[in-house]
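The structure under discussion appears below in the form of structure tokens.
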Amino acid sequence: MRLTSTFIALTLIMLGNHFVQAQNLSIKITKRYLNLPVSQAENRGTMQFQMLGKQERSFKIRLASGKPDYWVFCDMTALQGQTISISYDGKTDGLNKIYQDDKFAGQDSVYREKNRPQYHFSSRRGWINDPNGMIFFEGEYHLFYQHNPYEREWENMSWGHAVSKDMIHWEELPTALSPDNLGTMFSGSTVIDYNNTAGFNRGKTPAMIAFFTVDNPEKQIQCMAYSLDKGRTWTKYDKNPLIDSRAKWNSKDTRDPRVFWYEPSKHWVMVLNERDGHSIYTSQNLKEWKYESHLTGFWECPDLFELPVDGDNSKKKWVIYGASATYMIGSFDGKTFKPESGKHYYTTGSIYAAQTFANMPENDPRRIQIGWGRIQQPGMPFNNMMLLPTELRLRTTKNGPRLVSVPVKESEQLFDRIGQWSALSANDASEKVKSLQATDKFRMKATLKLSHATSTGFSLFGQRLLDYDMNSNLVNGVFYSPEDMTSMEITADIYVDRTSVEVFIDNGAYSYSLERKPVSASKEIIQFWGNQIEVKNLEMYTAKSIWK
Ligand code: FRU
């Protein structure tokens, strides 16, 4: 439905220190969404909404002057009945295409688009990167994430928000944190302040508190906001920032606070990436922070947590990592992390900036991680995705304890086994999987056994999903040595979605993720190779969509 109450006027707006002529659009908000046309071929301009003479929001958008590539939307629920005035300092031809409706443009086909991941989270519209503020609270898993609601590329950093009861099926909620006059909303974490240490709780309702970096052209500062309604609405702390360490580090790179409660000393800990590594800060009230120590060798997006070794709670170790997921194992006394071994890796590929859920229930202390999947979604009004949630454990290996990562048990509901075979030749195995009907999404588990030198693997429509070179000990180009160094076998559990592939080797000892190449009709669905290899075990599963 087109606008009924709009009015376009020419006005002068202040841009930098000069006035430019811009068109102003005035709209009385009567519907849930405001739909905005986007064209990637246009330059970005700044759009501003004014309400009662005050700026309501400001963001960059490539407003389509001709035919839009796609549409994005603003959720106007909070502004019903208000009149807003919209200005734009780019090409204004697209202003008269903006319209309000109770549906966002394309809502009827959302989650059913051609390149929409079917069992991974992606946002309805726009760009996503790092998971943020992952927390379990009162029966809901919260996934916040770096989000540009207005374009399929990075810009306007905000915290998007989705909730789930099982970490598998997600409901996307309105944007949680939007840019303000301090800057844009970069990555961070959340806690529940059960003891009201910050004083934001209301009655028996504990505050969910978010810690995030605000980025502006000069610096990156650490700020907080709180929510008393399970993350649905947020109030930014009026004395932000909490930490401004630009001068101390002579660097703009100070970001991505990860906050948690350290029970032995009863204080809060913040791990913050500063210039060349992770710093530790401590606090009693979440507002005043004391610098304690610094560990060089990491970049962006810290996480730090304790895990039992082989599930034994009397043998615990601390794990610290950065955005690339390389990690150190060591000890932590609430103020300083002492490395014992590292850096190691357990996963590579498209994963980046992974985070783990905070506040897991006492009877389910799993350490569950979700990583950003740097996976392009070609031609879609959205981009990137989250990888499957995986449980992280420390397992003793011949080299000492190491992280292993396997998809959470909740993901089992997605897959139905349609066949299991054993002791097949490569050709017979390739024949068996031809029965697979839906190749856009499935799961396959295979154990391959070498008897002659030197490599084996399989491809999907010609793309090598597993390429094991036993001579150089490379799995898809990355060094991997099995726990039994004389082993001639390798097991791969692969999760194929429309645009992505995740592979878990030998029960999660190593994993990787990659972009899936488009289907090529001239190639075999799945082809196994290797000189007289045996496909010792092969299991095929269909996959369900998580979207209704
Ligand atoms: C990692 C990162 C973070 C930053 C965010 C900005 O991908 O660079 O360090 O907070 O993305 O979107």
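How things are named: the first chain in the structure tokens is A, the next is B, and so on; residues count from 1 in each chain; ligands count from 1 in the order shown.
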Output as a tab-separated table one row per residue of chain A within 8 Å of ligand 1: the closest atom pair and its distance in Å to one decimal place, counting only C-alpha atoms and all ligand atoms, sorted by chain and residue number ascending.
residue	atom	partner	partner_atom_place_in_ligand_line	distance
A:Asn129	CA	ligand 1	7 (O)	6.2
A:Asp130	CA	ligand 1	7 (O)	5.5
A:Gln146	CA	ligand 1	12 (O)	5.5
A:His147	CA	ligand 1	12 (O)	7.7
A:Trp154	CA	ligand 1	12 (O)	7.4
A:Met157	CA	ligand 1	12 (O)	6.0
A:Met185	CA	ligand 1	6 (C)	7.8
A:Phe186	CA	ligand 1	10 (O)	4.1
A:Ser187	CA	ligand 1	10 (O)	3.9
A:Gly188	CA	ligand 1	10 (O)	7.1
A:Thr213	CA	ligand 1	10 (O)	6.6
A:Arg255	CA	ligand 1	10 (O)	6.0
A:Asp256	CA	ligand 1	10 (O)	5.2
A:Trp299	CA	ligand 1	9 (O)	7.9
A:Glu300	CA	ligand 1	9 (O)	4.5
A:Cys301	CA	ligand 1	9 (O)	5.5
A:Ala323	CA	ligand 1	1 (C)	6.6
A:Tyr352	CA	ligand 1	7 (O)	6.8
A:Ala353	CA	ligand 1	7 (O)	5.7
Requested write-out: N, CA and C atoms of the selected residues, as a PDB file, in the first residue's frame:
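What ended up in out-v8.pdb:
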ATOM      1  N   ASN A 129      27.518  -9.781  10.858  1.00  0.00           N
ATOM      2  CA  ASN A 129      28.811 -10.398  11.145  1.00  0.00           C
ATOM      3  C   ASN A 129      28.810 -10.954  12.559  1.00  0.00           C
ATOM      4  N   ASP A 130      29.746 -10.590  13.412  1.00  0.00           N
ATOM      5  CA  ASP A 130      29.948 -11.292  14.681  1.00  0.00           C
ATOM      6  C   ASP A 130      28.683 -11.571  15.497  1.00  0.00           C
ATOM      7  N   GLN A 146      26.246  -8.357  15.021  1.00  0.00           N
ATOM      8  CA  GLN A 146      26.602  -7.175  14.247  1.00  0.00           C
ATOM      9  C   GLN A 146      25.713  -7.148  13.011  1.00  0.00           C
ATOM     10  N   HIS A 147      25.067  -6.014  12.805  1.00  0.00           N
ATOM     11  CA  HIS A 147      23.996  -5.983  11.804  1.00  0.00           C
ATOM     12  C   HIS A 147      23.938  -4.637  11.103  1.00  0.00           C
ATOM     13  N   TRP A 154      28.550  -4.323   4.944  1.00  0.00           N
ATOM     14  CA  TRP A 154      28.877  -3.808   6.284  1.00  0.00           C
ATOM     15  C   TRP A 154      28.707  -2.288   6.351  1.00  0.00           C
ATOM     16  N   MET A 157      26.773  -0.090  11.973  1.00  0.00           N
ATOM     17  CA  MET A 157      26.776  -1.226  12.897  1.00  0.00           C
ATOM     18  C   MET A 157      25.800  -1.058  14.053  1.00  0.00           C
ATOM     19  N   MET A 185      27.536   0.716  16.976  1.00  0.00           N
ATOM     20  CA  MET A 185      27.547  -0.337  18.002  1.00  0.00           C
ATOM     21  C   MET A 185      28.377  -1.522  17.531  1.00  0.00           C
ATOM     22  N   PHE A 186      29.587  -1.664  18.052  1.00  0.00           N
ATOM     23  CA  PHE A 186      30.447  -2.785  17.700  1.00  0.00           C
ATOM     24  C   PHE A 186      30.222  -3.949  18.685  1.00  0.00           C
ATOM     25  N   SER A 187      31.043  -4.978  18.546  1.00  0.00           N
ATOM     26  CA  SER A 187      30.790  -6.241  19.248  1.00  0.00           C
ATOM     27  C   SER A 187      30.926  -6.158  20.769  1.00  0.00           C
ATOM     28  N   GLY A 188      30.328  -7.134  21.440  1.00  0.00           N
ATOM     29  CA  GLY A 188      30.391  -7.202  22.892  1.00  0.00           C
ATOM     30  C   GLY A 188      29.598  -8.378  23.424  1.00  0.00           C
ATOM     31  N   THR A 213      31.330  -2.070  22.233  1.00  0.00           N
ATOM     32  CA  THR A 213      32.238  -1.010  21.840  1.00  0.00           C
ATOM     33  C   THR A 213      31.475  -0.015  20.988  1.00  0.00           C
ATOM     34  N   ARG A 255      38.618  -2.898  21.628  1.00  0.00           N
ATOM     35  CA  ARG A 255      37.205  -3.260  21.399  1.00  0.00           C
ATOM     36  C   ARG A 255      36.826  -4.683  21.825  1.00  0.00           C
ATOM     37  N   ASP A 256      35.516  -4.915  21.754  1.00  0.00           N
ATOM     38  CA  ASP A 256      34.859  -6.216  21.904  1.00  0.00           C
ATOM     39  C   ASP A 256      34.909  -6.762  23.341  1.00  0.00           C
ATOM     40  N   TRP A 299      43.873 -10.917  18.459  1.00  0.00           N
ATOM     41  CA  TRP A 299      43.269  -9.816  17.710  1.00  0.00           C
ATOM     42  C   TRP A 299      41.747  -9.958  17.741  1.00  0.00           C
ATOM     43  N   GLU A 300      41.048  -8.971  18.244  1.00  0.00           N
ATOM     44  CA  GLU A 300      39.572  -8.867  18.211  1.00  0.00           C
ATOM     45  C   GLU A 300      38.862  -9.994  18.991  1.00  0.00           C
ATOM     46  N   CYS A 301      37.635  -9.689  19.366  1.00  0.00           N
ATOM     47  CA  CYS A 301      36.634 -10.665  19.824  1.00  0.00           C
ATOM     48  C   CYS A 301      37.142 -11.724  20.808  1.00  0.00           C
ATOM     49  N   ALA A 323      39.519 -13.644  17.550  1.00  0.00           N
ATOM     50  CA  ALA A 323      38.524 -13.765  16.484  1.00  0.00           C
ATOM     51  C   ALA A 323      38.784 -14.938  15.541  1.00  0.00           C
ATOM     52  N   TYR A 352      34.546 -16.990  12.065  1.00  0.00           N
ATOM     53  CA  TYR A 352      35.255 -15.836  12.603  1.00  0.00           C
ATOM     54  C   TYR A 352      34.462 -15.319  13.793  1.00  0.00           C
ATOM     55  N   ALA A 353      35.194 -14.702  14.738  1.00  0.00           N
ATOM     56  CA  ALA A 353      34.557 -13.949  15.828  1.00  0.00           C
ATOM     57  C   ALA A 353      33.538 -14.768  16.621  1.00  0.00           C
TER      58      ALA A 353
END
Taking only segment 197-418 of chain A into account, list the residues labelled strand (DSSP E or B) by DSSP (computed from the backbone), as an MDAnalysis selection string. chainID A and resid 202 205 208:215 220:227 235:236 243 254:262 267:274 277:283 290:296 303:309 312:321 327:332 337:344 347:349 351:356 358 367:373 382:383 385:386 390:397 400:407 415:418
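Interatomic distance, atom CA of Gln82 of chain A to atom CA of Ile98 of chain A: 16.7 Å.
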Skipping near chain neighbours, those fewer than 4 positions away, what residues fall within 8 Å of Pro407 of chain A using only C-alpha atoms, listed as number ranges by chain? A: 388-391, 411
Using only C-alpha atoms, which protein or nucleic acid residues come within 12 Å of Leu474 of chain A? Drop anything in the same chain fewer than 4 positions from it, and give the result as a count of residues only. 16
Could you write out, as a PyMOL selection string, all the residues of segment 68-309 of chain A that DSSP marks as helix (DSSP H, G or I)? chain A and resi 77-79+92-97+107-109+246-249+263-265
Write the selection just made, keeping all heavy atoms, as a compact mmCIF listing (two decimals), in the first residue's frame?
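Dumped to out_36.txt:
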# COMPACT_ATOMS: atom_id res chain seq x y z
N THR A 77 7.09 0.17 15.01
CA THR A 77 6.13 -0.13 16.09
C THR A 77 6.13 0.95 17.17
O THR A 77 5.07 1.39 17.63
CB THR A 77 6.48 -1.49 16.73
OG1 THR A 77 6.56 -2.44 15.69
CG2 THR A 77 5.44 -1.93 17.74
N ALA A 78 7.32 1.40 17.56
CA ALA A 78 7.41 2.33 18.69
C ALA A 78 6.96 3.74 18.31
O ALA A 78 6.79 4.59 19.19
CB ALA A 78 8.85 2.36 19.20
N LEU A 79 6.76 4.02 17.02
CA LEU A 79 6.46 5.40 16.60
C LEU A 79 5.06 5.57 16.05
O LEU A 79 4.76 6.55 15.35
CB LEU A 79 7.48 5.85 15.55
CG LEU A 79 8.95 5.82 15.94
CD1 LEU A 79 9.82 6.36 14.83
CD2 LEU A 79 9.19 6.62 17.21
N THR A 92 17.83 11.91 -4.46
CA THR A 92 16.54 11.83 -3.74
C THR A 92 15.40 11.22 -4.56
O THR A 92 14.29 11.11 -4.06
CB THR A 92 16.12 13.25 -3.28
OG1 THR A 92 16.19 14.11 -4.42
CG2 THR A 92 17.00 13.75 -2.18
N ASP A 93 15.70 10.81 -5.80
CA ASP A 93 14.61 10.29 -6.64
C ASP A 93 13.85 9.13 -5.99
O ASP A 93 12.68 8.90 -6.30
CB ASP A 93 15.13 9.76 -7.99
CG ASP A 93 16.18 10.66 -8.63
OD1 ASP A 93 16.85 11.39 -7.88
OD2 ASP A 93 16.32 10.60 -9.85
N GLY A 94 14.53 8.40 -5.13
CA GLY A 94 13.91 7.21 -4.53
C GLY A 94 13.00 7.54 -3.36
O GLY A 94 12.27 6.68 -2.88
N LEU A 95 13.02 8.80 -2.89
CA LEU A 95 12.23 9.13 -1.68
C LEU A 95 10.75 8.81 -1.87
O LEU A 95 10.09 8.33 -0.95
CB LEU A 95 12.40 10.61 -1.34
CG LEU A 95 13.62 11.01 -0.51
CD1 LEU A 95 13.60 12.50 -0.22
CD2 LEU A 95 13.66 10.23 0.81
N ASN A 96 10.23 9.11 -3.07
CA ASN A 96 8.79 8.90 -3.26
C ASN A 96 8.41 7.42 -3.42
O ASN A 96 7.25 7.08 -3.53
CB ASN A 96 8.25 9.74 -4.42
CG ASN A 96 8.93 9.38 -5.72
OD1 ASN A 96 9.71 8.43 -5.75
ND2 ASN A 96 8.65 10.12 -6.78
N LYS A 97 9.43 6.54 -3.42
CA LYS A 97 9.10 5.10 -3.45
C LYS A 97 8.92 4.53 -2.04
O LYS A 97 8.41 3.42 -1.87
CB LYS A 97 10.23 4.32 -4.12
CG LYS A 97 10.41 4.58 -5.60
CD LYS A 97 11.20 3.40 -6.21
CE LYS A 97 11.60 3.66 -7.64
NZ LYS A 97 12.74 4.61 -7.75
N GLN A 107 8.07 -9.92 2.59
CA GLN A 107 7.81 -10.75 3.78
C GLN A 107 7.19 -12.11 3.41
O GLN A 107 7.48 -13.11 4.05
CB GLN A 107 6.87 -9.98 4.73
CG GLN A 107 6.58 -10.73 6.01
CD GLN A 107 5.89 -9.85 7.05
OE1 GLN A 107 6.11 -8.64 7.09
NE2 GLN A 107 5.07 -10.46 7.88
N ASP A 108 6.34 -12.10 2.36
CA ASP A 108 5.66 -13.35 2.00
C ASP A 108 6.61 -14.45 1.55
O ASP A 108 6.29 -15.62 1.63
CB ASP A 108 4.60 -13.09 0.92
CG ASP A 108 3.44 -12.29 1.48
OD1 ASP A 108 3.27 -12.30 2.72
OD2 ASP A 108 2.75 -11.63 0.70
N SER A 109 7.80 -14.06 1.05
CA SER A 109 8.73 -15.11 0.59
C SER A 109 9.97 -15.20 1.47
O SER A 109 10.92 -15.90 1.12
CB SER A 109 9.13 -14.84 -0.86
OG SER A 109 9.68 -13.55 -0.96
N ARG A 246 42.06 4.85 24.46
CA ARG A 246 42.75 5.17 23.21
C ARG A 246 44.15 5.73 23.45
O ARG A 246 45.13 5.31 22.83
CB ARG A 246 41.95 6.18 22.40
CG ARG A 246 42.63 6.38 21.07
CD ARG A 246 42.19 7.43 20.20
NE ARG A 246 42.82 7.40 18.90
CZ ARG A 246 44.10 7.18 18.62
NH1 ARG A 246 44.97 6.86 19.57
NH2 ARG A 246 44.55 7.23 17.39
N ALA A 247 44.24 6.67 24.38
CA ALA A 247 45.52 7.34 24.63
C ALA A 247 46.53 6.36 25.21
O ALA A 247 47.69 6.31 24.80
CB ALA A 247 45.31 8.52 25.57
N LYS A 248 46.07 5.54 26.17
CA LYS A 248 46.97 4.60 26.83
C LYS A 248 47.67 3.67 25.84
O LYS A 248 48.85 3.37 25.96
CB LYS A 248 46.18 3.76 27.84
CG LYS A 248 46.98 2.65 28.41
CD LYS A 248 46.26 1.88 29.48
CE LYS A 248 47.16 0.72 29.86
NZ LYS A 248 46.72 -0.02 30.98
N TRP A 249 46.92 3.20 24.83
CA TRP A 249 47.48 2.24 23.89
C TRP A 249 47.98 2.89 22.61
O TRP A 249 48.48 2.20 21.73
CB TRP A 249 46.43 1.16 23.55
CG TRP A 249 46.13 0.34 24.76
CD1 TRP A 249 45.13 0.55 25.66
CD2 TRP A 249 46.87 -0.79 25.23
NE1 TRP A 249 45.19 -0.38 26.66
CE2 TRP A 249 46.25 -1.22 26.43
CE3 TRP A 249 47.98 -1.49 24.76
CZ2 TRP A 249 46.72 -2.30 27.16
CZ3 TRP A 249 48.44 -2.57 25.48
CH2 TRP A 249 47.82 -2.96 26.68
N GLU A 263 33.50 -16.08 40.21
CA GLU A 263 32.96 -16.45 41.51
C GLU A 263 34.01 -16.52 42.63
O GLU A 263 33.76 -16.00 43.73
CB GLU A 263 32.17 -17.78 41.37
CG GLU A 263 31.51 -18.29 42.64
CD GLU A 263 30.50 -17.34 43.26
OE1 GLU A 263 29.93 -16.49 42.54
OE2 GLU A 263 30.30 -17.44 44.50
N PRO A 264 35.20 -17.14 42.40
CA PRO A 264 36.15 -17.27 43.52
C PRO A 264 36.48 -15.94 44.20
O PRO A 264 36.61 -15.88 45.42
CB PRO A 264 37.40 -17.87 42.87
CG PRO A 264 36.89 -18.59 41.66
CD PRO A 264 35.71 -17.80 41.17
N SER A 265 36.62 -14.86 43.46
CA SER A 265 36.94 -13.56 44.08
C SER A 265 35.75 -12.63 44.10
O SER A 265 35.87 -11.46 44.47
CB SER A 265 38.08 -12.85 43.35
OG SER A 265 39.06 -13.74 42.91
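Shell of Lys204 of chain A at 12 Å, with only C-alpha atoms counted and residues fewer than 6 places along the chain excluded, is Asp193, Tyr194, Asn195, Asn196 and Leu228 of chain A.
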Neighbours of Trp127 of chain A within 9 Å (only C-alpha atoms; same-chain residues fewer than 6 positions away dropped), as a short mmCIF file (atom, residue, chain, number, x, y, z; two decimals) with N, CA, C and O atoms, in the first residue's frame?
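Result went into out33.cif, see below:
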data_model
loop_
_atom_site.label_atom_id
_atom_site.label_comp_id
_atom_site.auth_asym_id
_atom_site.auth_seq_id
_atom_site.Cartn_x
_atom_site.Cartn_y
_atom_site.Cartn_z
N GLN A 146 26.25 -8.36 15.02
CA GLN A 146 26.60 -7.18 14.25
C GLN A 146 25.71 -7.15 13.01
O GLN A 146 25.64 -8.13 12.27
N HIS A 147 25.07 -6.01 12.81
CA HIS A 147 24.00 -5.98 11.80
C HIS A 147 23.94 -4.64 11.10
O HIS A 147 24.02 -3.61 11.76
N ASN A 148 23.82 -4.67 9.78
CA ASN A 148 23.43 -3.48 9.03
C ASN A 148 22.03 -3.74 8.47
O ASN A 148 21.88 -4.48 7.51
N PRO A 149 21.01 -3.15 9.10
CA PRO A 149 19.64 -3.44 8.65
C PRO A 149 19.33 -2.84 7.28
O PRO A 149 18.30 -3.17 6.69
N TYR A 150 20.19 -1.94 6.78
CA TYR A 150 19.83 -1.14 5.60
C TYR A 150 20.56 -1.52 4.32
O TYR A 150 20.39 -0.86 3.31
N GLU A 151 21.40 -2.56 4.37
CA GLU A 151 22.11 -2.96 3.16
C GLU A 151 22.73 -4.33 3.36
O GLU A 151 23.04 -4.72 4.48
N ARG A 152 23.03 -5.04 2.24
CA ARG A 152 23.66 -6.37 2.36
C ARG A 152 25.17 -6.29 2.57
O ARG A 152 25.85 -7.31 2.55
N GLU A 153 25.71 -5.09 2.74
CA GLU A 153 27.14 -4.94 3.04
C GLU A 153 27.31 -4.28 4.40
O GLU A 153 26.38 -3.71 4.96
N TRP A 154 28.55 -4.32 4.94
CA TRP A 154 28.88 -3.81 6.28
C TRP A 154 28.71 -2.29 6.35
O TRP A 154 29.26 -1.57 5.52
N GLU A 155 28.00 -1.76 7.31
CA GLU A 155 27.83 -0.32 7.56
C GLU A 155 26.84 -0.18 8.71
O GLU A 155 26.24 -1.17 9.12
N PRO A 381 18.85 -10.30 -0.56
CA PRO A 381 18.75 -9.03 0.18
C PRO A 381 19.37 -9.13 1.58
O PRO A 381 19.12 -8.29 2.43
N PHE A 382 20.11 -10.18 1.83
CA PHE A 382 20.79 -10.38 3.12
C PHE A 382 22.14 -11.00 2.80
O PHE A 382 22.37 -11.47 1.68
N ASN A 383 23.03 -11.04 3.79
CA ASN A 383 24.36 -11.57 3.52
C ASN A 383 24.96 -12.18 4.78
O ASN A 383 24.68 -11.71 5.88
N ASN A 384 25.80 -13.22 4.60
CA ASN A 384 26.45 -13.95 5.70
C ASN A 384 25.45 -14.76 6.51
O ASN A 384 24.24 -14.71 6.26
N MET A 385 25.96 -15.47 7.49
CA MET A 385 25.09 -16.34 8.31
C MET A 385 25.83 -16.75 9.58
O MET A 385 27.02 -16.45 9.71
#
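Interatomic distance, atom CA of Ala423 of chain A against atom CA of Gln532 of chain A: 11.7 Å.
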Which residues are close to Asp244 of chain A, i.e. within 10 Å by only C-alpha atoms, leaving aside same-chain residues fewer than 5 positions away? Reply as a ChimeraX atom specification. /A:219-223,254
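Closest to Phe332 of chain A among A:Met51, A:Leu307, A:Ala105, A:Ile351 is A:Leu307, based on only C-alpha atoms.
Distance check against Ser58 of chain A using only C-alpha atoms: of A:Glu515, A:Glu172, A:Asp180, A:Asp166, the minimum falls on A:Asp180.
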Which is closest to Leu450 of chain A among A:Met485, A:Leu392, A:Met380, A:Ile533, if we use only C-alpha atoms? A:Ile533
